[in-house]
$ cat protein_27.tsv   # TSV, C-alpha atoms
chain	number	residue	atom	x	y	z
G	86	MET	CA	155.73	40.13	190.67
G	87	SER	CA	154.68	37.05	192.48
G	88	VAL	CA	153.18	35.73	195.64
G	89	ALA	CA	152.83	32.64	197.70
G	90	ALA	CA	150.29	32.01	200.35
G	91	SER	CA	151.13	29.39	202.87
G	92	PRO	CA	148.43	26.81	203.30
G	93	ARG	CA	149.00	26.68	207.04
G	94	GLY	CA	152.70	26.44	207.29
G	95	TYR	CA	154.04	25.44	203.93
G	96	ILE	CA	155.71	28.11	201.88
G	97	ASP	CA	158.08	27.53	199.03
G	98	ARG	CA	158.84	30.69	197.12
G	99	PRO	CA	156.97	33.63	195.58
G	100	ARG	CA	154.53	32.76	192.80
G	101	PRO	CA	152.58	34.80	190.20
G	102	SER	CA	149.74	36.87	191.60
G	103	GLY	CA	147.30	39.68	191.09
G	104	LEU	CA	146.86	43.29	191.98
G	105	ALA	CA	144.94	42.43	195.12
G	106	ASP	CA	148.15	41.33	196.80
G	107	VAL	CA	149.90	44.63	196.34
G	108	ILE	CA	147.12	47.18	196.21
G	109	ASP	CA	147.86	48.65	199.64
G	110	VAL	CA	151.51	49.13	198.78
G	111	ILE	CA	150.71	50.73	195.45
G	112	LEU	CA	148.11	53.14	196.79
G	113	ASP	CA	150.05	54.20	199.81
G	114	LYS	CA	153.76	54.19	199.03
G	115	GLY	CA	156.22	55.95	196.82
G	116	LEU	CA	157.86	59.31	196.34
G	117	VAL	CA	155.59	62.19	197.23
G	118	ILE	CA	155.96	65.26	195.10
G	119	ASP	CA	154.76	68.39	196.73
G	120	ALA	CA	151.18	69.49	196.68
G	121	TYR	CA	151.42	72.39	194.28
G	122	VAL	CA	152.37	70.29	191.33
G	123	ARG	CA	150.40	67.24	192.15
G	124	VAL	CA	146.89	66.59	190.98
G	125	SER	CA	145.08	63.81	192.73
G	126	LEU	CA	143.09	61.58	190.47
G	127	ILE	CA	140.60	60.03	192.81
G	128	GLY	CA	139.67	59.74	196.45
G	129	ILE	CA	142.28	57.18	197.29
G	130	GLU	CA	143.50	58.94	200.42
G	131	ILE	CA	140.08	58.84	201.99
G	132	LEU	CA	139.80	55.13	201.39
G	133	THR	CA	143.12	54.30	202.97
G	134	ILE	CA	142.43	56.41	206.01
G	135	ASP	CA	139.10	54.67	206.52
G	136	ALA	CA	140.86	51.36	206.56
G	137	ARG	CA	142.74	52.30	209.70
G	138	ILE	CA	139.65	53.43	211.51
G	139	VAL	CA	138.21	49.96	211.16
G	140	ILE	CA	140.93	48.50	213.31
G	141	ALA	CA	140.22	50.44	216.51
G	142	SER	CA	136.58	51.35	216.73
G	143	VAL	CA	133.50	50.45	218.66
G	144	ASP	CA	132.42	48.43	215.63
G	145	THR	CA	135.55	46.35	215.88
G	146	TYR	CA	135.10	45.83	219.59
G	147	LEU	CA	131.50	44.75	219.20
G	148	ARG	CA	132.47	42.41	216.45
G	149	PHE	CA	135.21	40.86	218.58
G	150	ALA	CA	132.77	40.52	221.46
G	151	GLU	CA	130.29	38.80	219.22
G	152	ALA	CA	132.94	36.50	217.78
G	153	VAL	CA	134.17	35.51	221.23
G	154	ASN	CA	130.60	34.91	222.27
G	155	ARG	CA	129.96	32.66	219.32
G	156	LEU	CA	132.89	30.38	220.10
G	157	ASP	CA	131.75	26.96	221.06
G	158	ILE	CA	132.39	26.61	224.77
G	159	ALA	CA	133.09	22.93	224.34
G	160	HIS	CA	136.23	23.77	222.42
G	161	ASP	CA	137.67	26.24	224.86
G	162	ASP	CA	139.56	23.82	227.00
G	163	THR	CA	140.60	21.23	224.51
G	164	THR	CA	144.04	21.16	223.07
G	165	HIS	CA	144.45	21.41	219.36
G	166	GLY	CA	143.78	18.10	217.73
G	167	LEU	CA	143.45	17.56	214.05
G	168	PRO	CA	139.65	17.74	213.98
G	169	GLU	CA	139.68	21.17	215.54
G	170	LEU	CA	142.34	22.40	213.18
G	171	MET	CA	140.30	21.19	210.25
G	172	GLU	CA	137.29	22.95	211.64
G	173	SER	CA	139.06	26.25	212.08
G	174	LEU	CA	140.37	25.98	208.56
G	175	THR	CA	136.90	25.70	207.14
G	176	GLU	CA	135.59	28.42	209.39
G	177	SER	CA	138.20	30.83	208.19
G	178	GLY	CA	136.89	30.56	204.69
G	179	SER	CA	133.29	31.16	205.62
G	180	SER	CA	131.37	34.36	205.84
G	181	GLY	CA	130.92	36.71	208.74
G	182	LYS	CA	134.44	38.03	208.99
G	183	THR	CA	134.90	41.72	208.81
G	184	LYS	CA	137.74	42.70	206.63
G	185	GLY	CA	139.22	46.15	206.52
G	186	VAL	CA	137.55	48.74	204.41
G	187	LEU	CA	140.40	48.47	201.97
G	188	GLU	CA	139.13	45.05	201.04
G	189	GLY	CA	135.79	46.58	200.26
G	190	ALA	CA	137.49	49.37	198.42
G	191	LYS	CA	139.33	46.82	196.42
G	192	GLU	CA	136.10	45.40	195.22
G	193	SER	CA	134.56	48.71	194.38
G	194	LEU	CA	137.73	49.63	192.54
G	195	PHE	CA	138.21	46.43	190.68
G	196	GLY	CA	134.79	44.94	190.29
G	197	GLY	CA	133.94	41.29	190.25
G	198	GLY	CA	135.96	39.84	187.42
G	199	ASP	CA	139.33	40.78	188.80
G	200	ASP	CA	142.07	38.41	189.73
G	201	ASP	CA	141.32	39.30	193.28
G	202	ASP	CA	141.18	36.14	195.29
G	203	ASP	CA	139.99	37.66	198.53
G	204	ASP	CA	136.47	38.54	197.53
G	205	ASP	CA	134.80	35.71	199.30
G	206	LYS	CA	136.09	36.87	202.66
G	207	GLN	CA	134.49	40.25	202.56
G	208	ASN	CA	131.85	41.54	204.79
G	209	SER	CA	128.95	43.14	203.03
G	210	GLN	CA	128.78	46.03	205.45
G	211	SER	CA	132.28	47.27	204.83
G	212	ARG	CA	131.75	46.76	201.15
G	213	SER	CA	128.72	48.96	200.87
G	214	ARG	CA	130.24	51.60	203.10
G	215	SER	CA	133.36	51.98	201.05
G	216	ARG	CA	131.40	51.91	197.87
G	217	SER	CA	129.27	54.84	198.83
G	218	ARG	CA	132.38	56.71	199.90
G	219	ALA	CA	134.06	56.06	196.63
G	220	SER	CA	131.14	57.23	194.59
G	221	SER	CA	130.40	60.34	196.58
G	222	ARG	CA	134.01	61.31	196.27
G	223	SER	CA	134.58	60.58	192.61
G	224	GLY	CA	131.78	62.90	191.71
G	225	SER	CA	133.69	65.77	193.13
G	226	SER	CA	137.19	64.83	192.13
G	227	SER	CA	137.85	68.07	190.49
G	228	SER	CA	140.42	69.66	188.34
G	229	ARG	CA	143.87	70.85	189.10
G	230	SER	CA	143.78	71.55	192.75
G	231	SER	CA	146.47	72.02	195.28
G	232	ARG	CA	144.31	69.99	197.57
G	233	SER	CA	146.32	66.83	197.75
G	234	ARG	CA	146.87	66.54	201.45
G	235	SER	CA	148.31	63.36	200.07
G	236	GLY	CA	148.19	60.11	201.98
G	237	GLY	CA	151.77	61.04	202.75
G	238	GLY	CA	151.62	62.57	206.17
G	239	SER	CA	148.85	60.47	207.52
G	240	SER	CA	149.88	57.07	206.34
G	241	SER	CA	153.63	57.14	206.41
G	242	GLY	CA	153.46	58.56	209.88
G	243	SER	CA	152.08	55.37	211.25
G	244	SER	CA	154.52	52.98	209.75
G	245	ARG	CA	157.62	52.53	211.74
G	246	SER	CA	160.85	52.46	209.90
G	247	ARG	CA	163.76	50.31	210.76
G	248	LYS	CA	166.66	50.91	208.56
G	249	LYS	CA	170.17	49.76	208.91
G	250	SER	CA	173.06	51.62	207.50
G	251	SER	CA	174.02	49.92	204.32
I	279	MET	CA	141.08	69.26	183.29
I	280	SER	CA	141.25	69.77	179.56
I	281	GLU	CA	144.85	70.89	179.13
I	282	PRO	CA	147.40	68.13	178.73
I	283	ALA	CA	149.55	67.17	181.70
I	284	VAL	CA	152.15	64.56	182.50
I	285	TYR	CA	151.68	61.50	184.64
I	286	VAL	CA	154.84	60.50	186.55
I	287	TYR	CA	155.45	56.79	187.35
I	288	GLY	CA	158.90	56.81	188.80
I	289	VAL	CA	162.50	57.91	188.64
I	290	ALA	CA	165.55	55.81	187.75
I	291	LEU	CA	169.25	56.41	187.19
I	292	ALA	CA	169.75	55.16	183.65
I	293	GLY	CA	169.64	51.96	181.67
I	294	CYS	CA	165.86	51.57	181.65
I	295	LYS	CA	164.61	49.94	178.51
I	296	GLY	CA	161.59	51.29	176.65
I	297	ILE	CA	158.24	50.39	178.19
I	298	SER	CA	155.80	48.45	176.05
I	299	THR	CA	152.95	48.32	178.61
I	300	ARG	CA	150.33	51.01	178.04
I	301	GLY	CA	150.21	53.51	180.87
I	302	VAL	CA	147.54	55.52	182.68
I	303	ASP	CA	144.84	56.80	180.31
I	304	ALA	CA	146.06	54.06	177.88
I	305	ALA	CA	148.91	56.37	176.85
I	306	ARG	CA	152.34	55.39	175.60
I	307	VAL	CA	155.02	55.58	178.33
I	308	ARG	CA	158.21	57.48	177.54
I	309	LEU	CA	161.54	58.02	179.21
I	310	LEU	CA	162.75	61.53	179.95
I	311	GLN	CA	166.47	61.83	180.63
I	312	HIS	CA	167.66	64.85	182.54
I	313	ALA	CA	170.18	65.76	185.23
I	314	GLY	CA	171.58	62.24	185.34
I	315	LEU	CA	168.16	60.77	185.97
I	316	THR	CA	165.44	59.10	183.94
I	317	ALA	CA	161.78	59.81	184.61
I	318	LEU	CA	159.00	57.57	183.31
I	319	LEU	CA	156.11	59.64	182.00
I	320	SER	CA	153.02	59.58	179.89
I	321	ASP	CA	150.51	62.21	178.78
I	322	VAL	CA	147.18	62.50	180.54
I	323	SER	CA	144.39	64.68	179.32
I	324	THR	CA	141.42	63.93	181.51
I	325	ASP	CA	140.74	64.05	185.19
I	326	GLN	CA	137.96	61.51	185.11
I	327	LEU	CA	139.96	58.34	185.04
I	328	ALA	CA	138.65	54.96	186.05
I	329	ALA	CA	140.53	54.12	189.22
I	330	ALA	CA	140.73	50.40	188.66
I	331	ARG	CA	142.31	50.56	185.26
I	332	GLU	CA	144.75	53.29	186.22
I	333	VAL	CA	146.03	51.61	189.38
I	334	ARG	CA	146.65	48.54	187.31
I	335	ALA	CA	148.46	50.53	184.62
I	336	HIS	CA	150.65	52.27	187.21
I	337	TRP	CA	151.57	48.91	188.73
I	338	ARG	CA	152.30	47.17	185.42
I	339	VAL	CA	154.45	50.01	184.08
I	340	LEU	CA	156.61	50.02	187.22
I	341	ASP	CA	156.80	46.25	187.16
I	342	GLU	CA	158.05	46.25	183.60
I	343	ALA	CA	160.54	49.04	184.31
I	344	SER	CA	161.95	47.20	187.29
I	345	GLU	CA	162.93	44.31	185.03
I	346	SER	CA	165.56	46.46	183.35
I	347	CYS	CA	166.55	49.03	185.97
I	348	THR	CA	166.22	50.10	189.59
I	349	ILE	CA	163.31	52.48	189.82
I	350	LEU	CA	161.91	54.63	192.61
I	351	PRO	CA	158.13	54.54	192.32
I	352	VAL	CA	156.32	57.84	192.59
I	353	ARG	CA	153.07	57.78	194.59
I	354	PHE	CA	150.09	56.66	192.53
I	355	GLY	CA	148.12	59.52	191.03
I	356	THR	CA	150.96	62.01	190.62
I	357	VAL	CA	150.51	64.39	187.71
I	358	MET	CA	152.73	67.36	186.81
I	359	GLU	CA	151.82	70.11	184.45
I	360	SER	CA	154.40	69.47	181.72
I	361	GLU	CA	157.64	67.80	180.79
I	362	ASP	CA	159.41	71.06	181.60
I	363	ALA	CA	157.97	70.92	185.09
I	364	VAL	CA	159.33	67.40	185.50
I	365	ARG	CA	162.80	68.62	184.45
I	366	GLU	CA	162.87	71.87	186.35
I	367	ARG	CA	160.85	71.12	189.44
I	368	LEU	CA	161.39	67.42	190.03
I	369	LEU	CA	164.66	66.18	188.53
I	370	GLU	CA	166.89	69.24	188.83
I	371	PRO	CA	166.21	70.38	192.37
I	372	ASN	CA	166.22	66.82	193.73
I	373	GLY	CA	168.93	65.39	191.51
I	374	GLU	CA	171.49	64.56	194.17
I	375	ARG	CA	169.03	63.26	196.64
I	376	LEU	CA	167.32	61.00	194.10
I	377	GLN	CA	170.62	59.73	192.74
I	378	GLY	CA	171.75	58.93	196.27
I	379	LEU	CA	168.55	57.04	197.02
I	380	LEU	CA	168.75	55.14	193.75
I	381	ARG	CA	172.34	54.12	194.32
I	382	GLU	CA	171.36	52.85	197.73
I	383	LEU	CA	168.52	50.80	196.25
I	384	ASP	CA	170.51	49.48	193.32
I	385	GLY	CA	170.32	45.71	193.02
I	386	ARG	CA	167.73	45.51	195.76
I	387	VAL	CA	164.07	44.57	195.69
I	388	GLN	CA	161.11	44.78	198.02
I	389	LEU	CA	159.45	41.72	199.44
I	390	VAL	CA	156.30	41.92	201.51
I	391	LEU	CA	155.32	39.42	204.15
I	392	LYS	CA	151.85	39.50	205.62
I	393	GLY	CA	150.67	37.27	208.40
I	394	GLU	CA	147.04	36.46	208.97
I	395	TYR	CA	145.53	34.73	211.98
I	396	ASP	CA	142.83	32.19	211.78
I	397	GLU	CA	140.34	34.19	213.76
I	398	PRO	CA	138.33	31.50	215.55
I	399	GLN	CA	141.54	29.77	216.57
I	400	LEU	CA	143.09	33.04	217.75
I	401	LEU	CA	140.04	33.99	219.78
I	402	ARG	CA	139.86	30.57	221.40
I	403	GLU	CA	143.43	31.01	222.55
I	404	VAL	CA	142.69	34.50	223.85
I	405	VAL	CA	139.72	33.25	225.85
I	406	ARG	CA	141.80	30.40	227.21
I	407	GLU	CA	144.64	32.67	228.26
I	408	SER	CA	142.69	35.42	229.97
I	409	ASN	CA	140.44	34.80	232.90
I	410	THR	CA	139.11	38.34	232.75
I	411	ILE	CA	138.00	37.79	229.19
I	412	SER	CA	136.50	34.35	229.67
I	413	GLU	CA	134.61	35.43	232.79
I	414	LEU	CA	133.21	38.53	231.16
I	415	ARG	CA	132.27	36.50	228.13
I	416	ASP	CA	130.46	33.90	230.25
I	417	ARG	CA	128.65	36.60	232.17
I	418	LEU	CA	127.49	38.33	229.00
I	419	ARG	CA	126.11	35.09	227.66
I	420	GLU	CA	123.46	35.27	230.38
I	421	VAL	CA	122.48	38.80	229.39
I	422	PRO	CA	120.01	39.49	226.55
I	423	PRO	CA	121.64	41.06	223.49
I	424	GLU	CA	119.96	44.46	223.98
I	425	ALA	CA	121.41	44.81	227.46
I	426	GLY	CA	125.06	44.94	228.36
I	427	TYR	CA	126.06	47.10	225.42
I	428	TYR	CA	128.93	48.81	227.20
I	429	GLU	CA	130.15	45.60	228.73
I	430	ARG	CA	130.17	44.08	225.30
I	431	ILE	CA	132.32	46.93	224.07
I	432	ARG	CA	134.58	46.40	227.08
I	433	LEU	CA	134.86	42.71	226.23
I	434	GLY	CA	135.76	43.51	222.64
I	435	GLU	CA	138.27	46.07	223.80
I	436	LEU	CA	139.96	43.54	226.06
I	437	VAL	CA	140.08	41.05	223.24
I	438	ALA	CA	141.54	43.67	220.89
I	439	GLU	CA	144.17	44.54	223.47
I	440	HIS	CA	145.13	40.91	223.87
I	441	VAL	CA	145.29	40.47	220.12
I	442	GLY	CA	147.52	43.56	220.01
I	443	HIS	CA	150.02	41.89	222.34
I	444	ARG	CA	149.96	38.81	220.13
I	445	ARG	CA	150.67	40.96	217.09
I	446	ALA	CA	153.62	42.65	218.76
I	447	GLU	CA	155.08	39.31	219.77
I	448	ASP	CA	154.58	37.69	216.36
I	449	THR	CA	156.00	40.75	214.61
I	450	ARG	CA	159.05	40.46	216.83
I	451	ILE	CA	159.48	36.80	215.86
I	452	ALA	CA	159.17	37.61	212.15
I	453	LEU	CA	161.70	40.43	212.36
I	454	GLU	CA	164.11	38.37	214.41
I	455	THR	CA	164.21	35.75	211.67
I	456	LEU	CA	164.15	37.95	208.60
I	457	GLU	CA	165.69	41.29	209.46
I	458	PRO	CA	169.24	39.89	209.47
I	459	LEU	CA	168.65	38.60	205.92
I	460	SER	CA	167.51	41.98	204.65
I	461	VAL	CA	168.98	45.44	204.21
I	462	ALA	CA	166.02	47.15	205.86
I	463	ALA	CA	162.60	46.29	207.22
I	464	ARG	CA	159.57	48.45	207.58
I	465	GLU	CA	156.42	47.61	209.46
I	466	ASP	CA	153.31	48.74	207.69
I	467	GLU	CA	150.02	49.31	209.35
I	468	ILE	CA	147.59	46.52	210.02
I	469	ARG	CA	144.48	46.85	207.91
I	470	GLN	CA	142.41	43.88	208.90
I	471	ALA	CA	141.20	42.70	212.25
I	472	ASP	CA	142.81	39.29	211.74
I	473	SER	CA	146.17	40.58	210.51
I	474	ALA	CA	149.21	39.55	212.50
I	475	PHE	CA	151.75	41.71	210.72
I	476	ASN	CA	152.54	43.44	207.47
I	477	ILE	CA	156.25	43.97	206.89
I	478	ALA	CA	158.13	45.20	203.84
I	479	PHE	CA	161.73	44.07	203.45
I	480	LEU	CA	164.42	45.48	201.23
I	481	VAL	CA	166.56	42.58	200.06
I	482	ASP	CA	169.68	42.28	197.90
I	483	ARG	CA	168.79	40.41	194.73
I	484	ASP	CA	171.68	38.04	195.18
I	485	ARG	CA	170.50	37.16	198.69
I	486	LEU	CA	166.97	36.34	197.60
I	487	GLU	CA	167.41	32.61	198.00
I	488	ALA	CA	168.65	33.04	201.56
I	489	PHE	CA	165.67	35.27	202.29
I	490	ASN	CA	163.27	32.71	200.79
I	491	GLN	CA	164.81	30.13	203.07
I	492	GLY	CA	164.25	32.44	206.02
I	493	VAL	CA	160.59	32.79	205.09
I	494	ARG	CA	160.27	29.02	204.91
I	495	GLU	CA	161.77	28.70	208.36
I	496	LEU	CA	159.41	31.32	209.71
I	497	ALA	CA	156.47	29.53	208.09
I	498	ALA	CA	157.52	26.34	209.83
I	499	GLU	CA	157.67	28.17	213.14
I	500	LEU	CA	154.40	30.11	212.89
I	501	GLY	CA	152.52	28.03	210.38
I	502	ASP	CA	150.08	26.34	212.71
I	503	ARG	CA	148.83	29.74	213.90
I	504	ILE	CA	149.48	32.20	211.10
I	505	ALA	CA	148.95	31.98	207.36
I	506	LEU	CA	151.68	33.85	205.51
I	507	ARG	CA	151.36	35.74	202.26
I	508	TYR	CA	154.69	36.33	200.66
I	509	VAL	CA	154.71	38.89	197.86
I	510	GLY	CA	157.46	40.06	195.56
I	511	PRO	CA	159.89	40.94	194.21
I	512	LEU	CA	158.53	44.45	193.79
I	513	PRO	CA	160.12	47.80	193.02
I	514	PRO	CA	160.99	49.40	196.38
I	515	TYR	CA	157.66	51.19	196.93
I	516	SER	CA	157.88	51.18	200.71
I	517	PHE	CA	161.46	52.43	200.71
I	518	ALA	CA	160.70	55.36	198.43
I	519	ASP	CA	158.50	56.93	201.05
I	520	VAL	CA	160.13	60.31	200.75
I	521	GLU	CA	158.58	63.72	200.38
I	522	LEU	CA	160.23	65.88	197.80
I	523	ASP	CA	160.14	69.61	197.56
I	524	THR	CA	160.01	71.12	194.15
I	525	GLU	CA	161.88	74.30	195.00
I	526	ALA	CA	165.65	74.09	194.77
I	527	ALA	CA	166.34	75.88	198.03
I	528	ALA	CA	163.69	74.28	200.15
I	529	TRP	CA	165.67	71.33	201.42
I	530	ALA	CA	169.20	72.62	201.13
$ encode --input "protein_27.tsv" --output "structure tokens"
Amino acid sequence: MSVAASPRGYIDRPRPSGLADVIDVILDKGLVIDAYVRVSLIGIEILTIDARIVIASVDTYLRFAEAVNRLDIAHDDTTHGLPELMESLTESGSSGKTKGVLEGAKESLFGGGDDDDDDDKQNSQSRSRSRSRASSRSGSSSSRSSRSRSGGGSSSGSSRSRKKSS
Amino acid sequence: MSEPAVYVYGVALAGCKGISTRGVDAARVRLLQHAGLTALLSDVSTDQLAAAREVRAHWRVLDEASESCTILPVRFGTVMESEDAVRERLLEPNGERLQGLLRELDGRVQLVLKGEYDEPQLLREVVRESNTISELRDRLREVPPEAGYYERIRLGELVAEHVGHRRAEDTRIALETLEPLSVAAREDEIRQADSAFNIAFLVDRDRLEAFNQGVRELAAELGDRIALRYVGPLPPYSFADVELDTEAAAWA
């Protein structure tokens, strides 16, 4: 298990990493065994579905509009020189970016002391929203149910598969 | 739930070594061999498990297993009522199908490549490229924040649409470079507003170096616009996205 992030363009090979890098894969993928024998542990499905809603919503549009509005007009027509690149690098690390709810979920799942390196990029709004979801759900995560409308249908449906014959 | 049940991590052909990592609920992980398959299991006795710890345990157990054998991960949070249920309702009725899948995945690993835009840079380019967007933006700058709500939404929608075209194009570039070096590729959904793409690749272990080289080339091509996160090797989570029935006749 390893990861490499490219600091703008340079990538060598995978390097050691933490759960944060693979959490979406782990929560959302794998063999699905049918509902009658499966007991869901926690409200994971709800959290992953929420994450998709963030991408195409009025909230997202308003946030984009605001972000476009905030852009410094003076930069619009300049070509990319080094100073501007440096500036956008620092901006990307600063606050005010909305991340998907999953990022917030990550924090509510894994708390502060995790090896999660994305925490600083989170938006407090998505964080608190997912947190309240998680807690309201865990209270009711009940016994052996045949509930499990597992993430299966909803999530795998939206990922397109390209598979070659092997 | 007070009665004991069985947590299922994954299914392999054979040759898995014992697992030393503690599993979900801090239980010992055992191997159950049946019908030409090996299932990784542990006992669970509560239904109030702390999500964080258990996701981590699930991940670590599968990671350790994948060091010694090819394993199909089962979706996180899967619990069956007993070992007998695992034999009779999972392994037996799905034996051939699982063995076929496992043979196909043998010697192959999953690698995940995520691309992330630098948002201010991306939005500057979008504004530069689209007159409609830059004009609407300029007009809205004259309007007080309380007014122009719907136009603001319209602006954001246009930006999102433009970003969507960018994503499609950058995904195409990534696949063009890396798909030929892989056995299969699968686009996963975008979860963050600044994501460019999220693609899982199934790669032959002995072609890993070639794939790494492909990622380096892609990074050189996209690097001034997109930060890449390159994760793996992982067990083939994204290529085990199969729904199994637990009745023998159901899929025959």
$ atom_distance --input "protein_27.tsv" --atom1 "CA of Ala290 in chain I" --atom2 "CA of Thr316 in chain I"
5.0 Å
$ atom_distance --input "protein_27.tsv" --atom1 "CA of Ala474 in chain I" --atom2 "CA of Gln399 in chain I"
13.1 Å
$ residues_around --input "protein_27.tsv" --residues "Leu418 in chain I" --least-positions-apart "3" --cutoff "12 Å" --atoms "only C-alpha atoms" --output "ChimeraX atom specification"
/G:150-151,153-155 /I:411-415,421-434
$ closest_residue --input "protein_27.tsv" --among "I:Leu376, I:Leu319, I:Ala305, I:Leu291" --to "chain G" --atoms "only C-alpha atoms"
I:Leu376
$ closest_residue --input "protein_27.tsv" --among "I:Glu359, I:Asp466, I:Glu370, I:Glu439" --to "Gly314 in chain I" --atoms "all atoms listed in the file"
I:Glu370
$ residues_around --input "protein_27.tsv" --residues "Leu500 in chain I" --least-positions-apart "4" --cutoff "9 Å" --atoms "only C-alpha atoms" --output "list in words"
Arg93 and Gly94 of chain G; Asp448, Ile451, Ala452, Glu495, Leu496, Ile504, Ala505 and Leu506 of chain I
$ write_last_selection --input "protein_27.tsv" --atoms "C-alpha atoms" --output "PDB file, in the frame of the given file"
ATOM      1  CA  ARG G  93     149.000  26.680 207.040  1.00  0.00           C
ATOM      2  CA  GLY G  94     152.700  26.440 207.290  1.00  0.00           C
TER       3      GLY G  94
ATOM      4  CA  ASP I 448     154.580  37.690 216.360  1.00  0.00           C
ATOM      5  CA  ILE I 451     159.480  36.800 215.860  1.00  0.00           C
ATOM      6  CA  ALA I 452     159.170  37.610 212.150  1.00  0.00           C
ATOM      7  CA  GLU I 495     161.770  28.700 208.360  1.00  0.00           C
ATOM      8  CA  LEU I 496     159.410  31.320 209.710  1.00  0.00           C
ATOM      9  CA  ILE I 504     149.480  32.200 211.100  1.00  0.00           C
ATOM     10  CA  ALA I 505     148.950  31.980 207.360  1.00  0.00           C
ATOM     11  CA  LEU I 506     151.680  33.850 205.510  1.00  0.00           C
TER      12      LEU I 506
END
$ closest_residue --input "protein_27.tsv" --among "G:Leu147, G:Ala152, G:Val107, G:Lys114" --to "Val520 in chain I" --atoms "only C-alpha atoms"
G:Lys114
$ closest_residue --input "protein_27.tsv" --among "G:Asp106, G:Tyr146, G:Leu112, G:Ile118" --to "Leu436 in chain I" --atoms "only C-alpha atoms"
G:Tyr146
$ residues_around --input "protein_27.tsv" --residues "His440 in chain I" --least-positions-apart "4" --cutoff "9 Å" --atoms "all atoms listed in the file" --output "list in words"
Val404, Ser408, Glu435, Leu436, Arg444 and Arg445 of chain I
$ write_last_selection --input "protein_27.tsv" --atoms "C-alpha atoms" --output "short mmCIF file (atom, residue, chain, number, x, y, z; two decimals), keeping the file's coordinate frame"
data_model
loop_
_atom_site.label_atom_id
_atom_site.label_comp_id
_atom_site.auth_asym_id
_atom_site.auth_seq_id
_atom_site.Cartn_x
_atom_site.Cartn_y
_atom_site.Cartn_z
CA VAL I 404 142.69 34.50 223.85
CA SER I 408 142.69 35.42 229.97
CA GLU I 435 138.27 46.07 223.80
CA LEU I 436 139.96 43.54 226.06
CA ARG I 444 149.96 38.81 220.13
CA ARG I 445 150.67 40.96 217.09
#
$ residues_around --input "protein_27.tsv" --residues "Ile111 in chain G" --least-positions-apart "2" --cutoff "10 Å" --atoms "all atoms listed in the file" --output "NGL selection string"
(:G and (104 or 106-109 or 113-115)) or (:I and (333-334 or 336-337 or 351-354 or 515-516))
$ write_last_selection --input "protein_27.tsv" --atoms "C-alpha atoms" --output "short mmCIF file (atom, residue, chain, number, x, y, z; two decimals), in the frame of the given file"
data_model
loop_
_atom_site.label_atom_id
_atom_site.label_comp_id
_atom_site.auth_asym_id
_atom_site.auth_seq_id
_atom_site.Cartn_x
_atom_site.Cartn_y
_atom_site.Cartn_z
CA LEU G 104 146.86 43.29 191.98
CA ASP G 106 148.15 41.33 196.80
CA VAL G 107 149.90 44.63 196.34
CA ILE G 108 147.12 47.18 196.21
CA ASP G 109 147.86 48.65 199.64
CA ASP G 113 150.05 54.20 199.81
CA LYS G 114 153.76 54.19 199.03
CA GLY G 115 156.22 55.95 196.82
CA VAL I 333 146.03 51.61 189.38
CA ARG I 334 146.65 48.54 187.31
CA HIS I 336 150.65 52.27 187.21
CA TRP I 337 151.57 48.91 188.73
CA PRO I 351 158.13 54.54 192.32
CA VAL I 352 156.32 57.84 192.59
CA ARG I 353 153.07 57.78 194.59
CA PHE I 354 150.09 56.66 192.53
CA TYR I 515 157.66 51.19 196.93
CA SER I 516 157.88 51.18 200.71
#
$ atom_distance --input "protein_27.tsv" --atom1 "CA of Ala335 in chain I" --atom2 "CA of Asp519 in chain I"
20.3 Å
$ closest_residue --input "protein_27.tsv" --among "I:Val339, I:Ala363, I:Ala313, I:Val284" --to "Ile297 in chain I" --atoms "all atoms listed in the file"
I:Val339
$ residues_around --input "protein_27.tsv" --residues "Arg365 in chain I" --least-positions-apart "3" --cutoff "10 Å" --atoms "only C-alpha atoms" --output "number ranges by chain"
I: 310-313, 315-317, 360-362, 368-371, 373
$ closest_residue --input "protein_27.tsv" --among "I:Arg417, I:Arg331, I:Arg306, I:Arg507" --to "chain G" --atoms "all atoms listed in the file"
I:Arg507
$ axis_aligned_box --input "protein_27.tsv" --around "range 443-459 of chain I" --padding-each-side "6 Å" --output "lines of an AutoDock Vina configuration file"
center_x = 159.6
center_y = 39.2
center_z = 214.1
size_x = 31.3
size_y = 18.9
size_z = 28.4
